[in-house]
Amino acid sequence: EGKQLACEALYLYGVMLLIVDSRIPGIVRERLLVSFDRYSGKTSVSASNIDEVCKLLRSTGYTPATGGVPSRRPAQYPESFFQRIEIDSEFIDVVVSRLSSDDVYGQ
(Lines give C-alpha, C1' and ligand atoms only; values in the text may rest on other atoms or scores of the structure.)
Protein backbone atom coordinates (compact mmCIF):
# COMPACT_ATOMS: atom_id res chain seq x y z
CA GLU A 1 0.00 0.00 0.00
CA GLY A 2 2.93 2.36 0.46
CA LYS A 3 2.18 3.24 4.10
CA GLN A 4 5.79 2.81 5.08
CA LEU A 5 7.06 4.78 2.11
CA ALA A 6 4.66 7.68 2.69
CA CYS A 7 5.57 7.95 6.37
CA GLU A 8 9.29 7.78 5.69
CA ALA A 9 9.09 10.28 2.83
CA LEU A 10 7.36 12.87 5.00
CA TYR A 11 9.82 12.28 7.85
CA LEU A 12 12.87 12.51 5.58
CA TYR A 13 11.57 15.71 3.98
CA GLY A 14 11.48 17.38 7.40
CA VAL A 15 14.85 16.00 8.47
CA MET A 16 16.53 17.10 5.24
CA LEU A 17 15.19 20.64 5.62
CA LEU A 18 16.39 20.89 9.22
CA ILE A 19 19.84 19.49 8.42
CA VAL A 20 20.29 21.81 5.44
CA ASP A 21 19.25 24.78 7.57
CA SER A 22 21.54 23.89 10.47
CA ARG A 23 24.61 22.92 8.42
CA ILE A 24 24.56 25.29 5.43
CA PRO A 25 23.96 28.97 6.23
CA GLY A 26 21.19 30.72 4.30
CA ILE A 27 23.51 33.08 2.41
CA VAL A 28 25.59 30.12 1.21
CA ARG A 29 22.47 28.27 0.04
CA GLU A 30 21.32 31.34 -1.86
CA ARG A 31 24.71 31.76 -3.54
CA LEU A 32 24.78 28.08 -4.48
CA LEU A 33 21.37 28.41 -6.11
CA VAL A 34 22.40 31.51 -8.05
CA SER A 35 25.57 29.84 -9.29
CA PHE A 36 23.64 26.70 -10.25
CA ASP A 37 21.07 28.78 -12.13
CA ARG A 38 23.79 30.66 -14.00
CA TYR A 39 25.70 27.48 -14.80
CA SER A 40 22.72 25.47 -16.01
CA GLY A 41 21.24 28.21 -18.18
CA LYS A 42 17.58 28.68 -18.96
CA THR A 43 17.36 25.73 -21.35
CA SER A 44 17.77 23.16 -18.59
CA VAL A 45 14.85 21.06 -17.37
CA SER A 46 15.69 22.07 -13.79
CA ALA A 47 15.02 25.73 -14.66
CA SER A 48 11.30 25.06 -14.40
CA ASN A 49 11.63 24.25 -10.70
CA ILE A 50 14.25 26.81 -9.73
CA ASP A 51 11.66 29.23 -8.31
CA GLU A 52 10.25 26.57 -5.99
CA VAL A 53 13.74 25.49 -4.91
CA CYS A 54 14.73 29.11 -4.22
CA LYS A 55 11.57 29.63 -2.19
CA LEU A 56 12.31 26.53 -0.13
CA LEU A 57 16.01 27.13 0.48
CA ARG A 58 16.17 30.88 1.03
CA SER A 59 17.49 32.01 4.39
CA THR A 60 15.28 31.35 7.42
CA GLY A 61 17.16 33.56 9.84
CA TYR A 62 18.13 30.57 11.99
CA THR A 63 21.71 30.65 13.22
CA PRO A 64 23.05 27.53 14.99
CA ALA A 65 25.19 27.85 18.11
CA THR A 66 28.90 28.12 17.31
CA GLY A 67 31.93 28.69 19.50
CA GLY A 68 30.05 29.79 22.61
CA VAL A 69 27.67 32.03 20.69
CA PRO A 70 24.09 30.91 21.38
CA SER A 71 21.82 29.96 18.52
CA ARG A 72 19.35 32.48 17.12
CA ARG A 73 15.92 31.07 16.37
CA PRO A 74 13.32 33.24 14.59
CA ALA A 75 9.69 33.28 15.70
CA GLN A 76 7.58 30.43 14.32
CA TYR A 77 10.69 28.41 13.40
CA PRO A 78 10.64 25.64 12.05
CA GLU A 79 6.90 25.73 11.33
CA SER A 80 7.22 28.67 8.94
CA PHE A 81 10.11 26.89 7.21
CA PHE A 82 8.01 23.78 6.59
CA GLN A 83 5.10 25.89 5.29
CA ARG A 84 7.11 27.35 2.41
CA ILE A 85 6.16 24.43 0.19
CA GLU A 86 2.62 23.27 0.80
CA ILE A 87 2.13 19.58 1.40
CA ASP A 88 -1.33 18.22 0.69
CA SER A 89 -3.21 18.17 3.99
CA GLU A 90 -4.98 14.99 2.98
CA PHE A 91 -1.60 13.25 2.57
CA ILE A 92 -0.56 14.40 6.06
CA ASP A 93 -3.88 13.22 7.51
CA VAL A 94 -3.40 9.79 5.92
CA VAL A 95 0.15 9.51 7.29
CA VAL A 96 -0.89 10.55 10.80
CA SER A 97 -3.86 8.18 10.83
CA ARG A 98 -1.67 5.30 9.62
CA LEU A 99 0.92 6.01 12.28
CA SER A 100 -1.70 6.18 15.02
CA SER A 101 -3.73 3.11 14.01
CA ASP A 102 -1.56 0.69 12.01
CA ASP A 103 1.75 -1.07 12.27
CA VAL A 104 3.57 0.67 9.45
CA TYR A 105 6.26 -1.97 9.14
CA GLY A 106 3.85 -4.93 9.28
CA GLN A 107 5.62 -6.80 12.05
# chains A, B, ... in the order shown; residues from 1 in each chain; ligands from 1
$ closest_atom_pairs --of "range 52-102 of chain A" --to "range 4-26 of chain A" --cutoff "8 Å" --atoms "only C-alpha atoms" --output "Markdown table"
| residue | atom | partner | partner_atom | distance |
| --- | --- | --- | --- | --- |
| A:Leu57 | CA | A:Gly26 | CA | 7.4 |
| A:Arg58 | CA | A:Gly26 | CA | 6.0 |
| A:Ser59 | CA | A:Gly26 | CA | 3.9 |
| A:Thr60 | CA | A:Gly26 | CA | 6.7 |
| A:Gly61 | CA | A:Gly26 | CA | 7.4 |
| A:Tyr62 | CA | A:Asp21 | CA | 7.4 |
| A:Thr63 | CA | A:Ser22 | CA | 7.3 |
| A:Pro64 | CA | A:Ser22 | CA | 6.0 |
| A:Pro78 | CA | A:Leu18 | CA | 8.0 |
| A:Phe82 | CA | A:Gly14 | CA | 7.3 |
| A:Val95 | CA | A:Cys7 | CA | 5.7 |
| A:Leu99 | CA | A:Cys7 | CA | 7.8 |
$ select_by_dssp --residues "chain A" --states "alpha helix (DSSP H)" --output "ChimeraX atom specification"
/A:3-23,26-40,50-57,79-82,89-101
$ residues_around --residues "Leu56 in chain A" --least-positions-apart "6" --cutoff "8 Å" --atoms "only C-alpha atoms" --output "ChimeraX atom specification"
/A:81,84-85
$ write_last_selection --atoms "N, CA and C atoms" --output "PDB file, in the first residue's frame"
ATOM      1  N   PHE A  81       9.203  27.481   8.193  1.00  0.00           N
ATOM      2  CA  PHE A  81      10.111  26.892   7.208  1.00  0.00           C
ATOM      3  C   PHE A  81       9.407  25.755   6.465  1.00  0.00           C
ATOM      4  N   ARG A  84       6.722  26.690   3.670  1.00  0.00           N
ATOM      5  CA  ARG A  84       7.106  27.347   2.410  1.00  0.00           C
ATOM      6  C   ARG A  84       6.620  26.581   1.194  1.00  0.00           C
ATOM      7  N   ILE A  85       6.693  25.276   1.254  1.00  0.00           N
ATOM      8  CA  ILE A  85       6.156  24.434   0.187  1.00  0.00           C
ATOM      9  C   ILE A  85       4.994  23.663   0.789  1.00  0.00           C
TER      10      ILE A  85
END
$ closest_residue --among "A:Glu52, A:Val94, A:Ser101, A:Val69" --to "Gly2 in chain A" --atoms "only C-alpha atoms"
A:Val94
$ closest_residue --among "A:Lys3, A:Glu30, A:Phe36, A:Asp51" --to "Arg98 in chain A" --atoms "only C-alpha atoms"
A:Lys3
$ select_by_dssp --residues "chain A" --states "strand (DSSP E or B)" --output "PyMOL selection string"
chain A and resi 63+66+69+72
$ write_last_selection --atoms "N, CA and C atoms" --output "PDB file, in the first residue's frame"
ATOM      1  N   THR A  63      20.264  30.725  13.105  1.00  0.00           N
ATOM      2  CA  THR A  63      21.714  30.651  13.220  1.00  0.00           C
ATOM      3  C   THR A  63      22.048  29.647  14.309  1.00  0.00           C
ATOM      4  N   THR A  66      27.519  28.388  17.705  1.00  0.00           N
ATOM      5  CA  THR A  66      28.902  28.118  17.309  1.00  0.00           C
ATOM      6  C   THR A  66      29.857  28.820  18.256  1.00  0.00           C
ATOM      7  N   VAL A  69      28.735  31.081  21.057  1.00  0.00           N
ATOM      8  CA  VAL A  69      27.674  32.031  20.694  1.00  0.00           C
ATOM      9  C   VAL A  69      26.366  31.247  20.628  1.00  0.00           C
ATOM     10  N   ARG A  72      20.398  31.474  17.303  1.00  0.00           N
ATOM     11  CA  ARG A  72      19.349  32.476  17.122  1.00  0.00           C
ATOM     12  C   ARG A  72      18.229  31.808  16.344  1.00  0.00           C
TER      13      ARG A  72
END
$ atom_distance --atom1 "CA of Pro70 in chain A" --atom2 "CA of Arg29 in chain A"
21.6 Å
$ atom_distance --atom1 "CA of Lys55 in chain A" --atom2 "CA of Glu79 in chain A"
14.8 Å
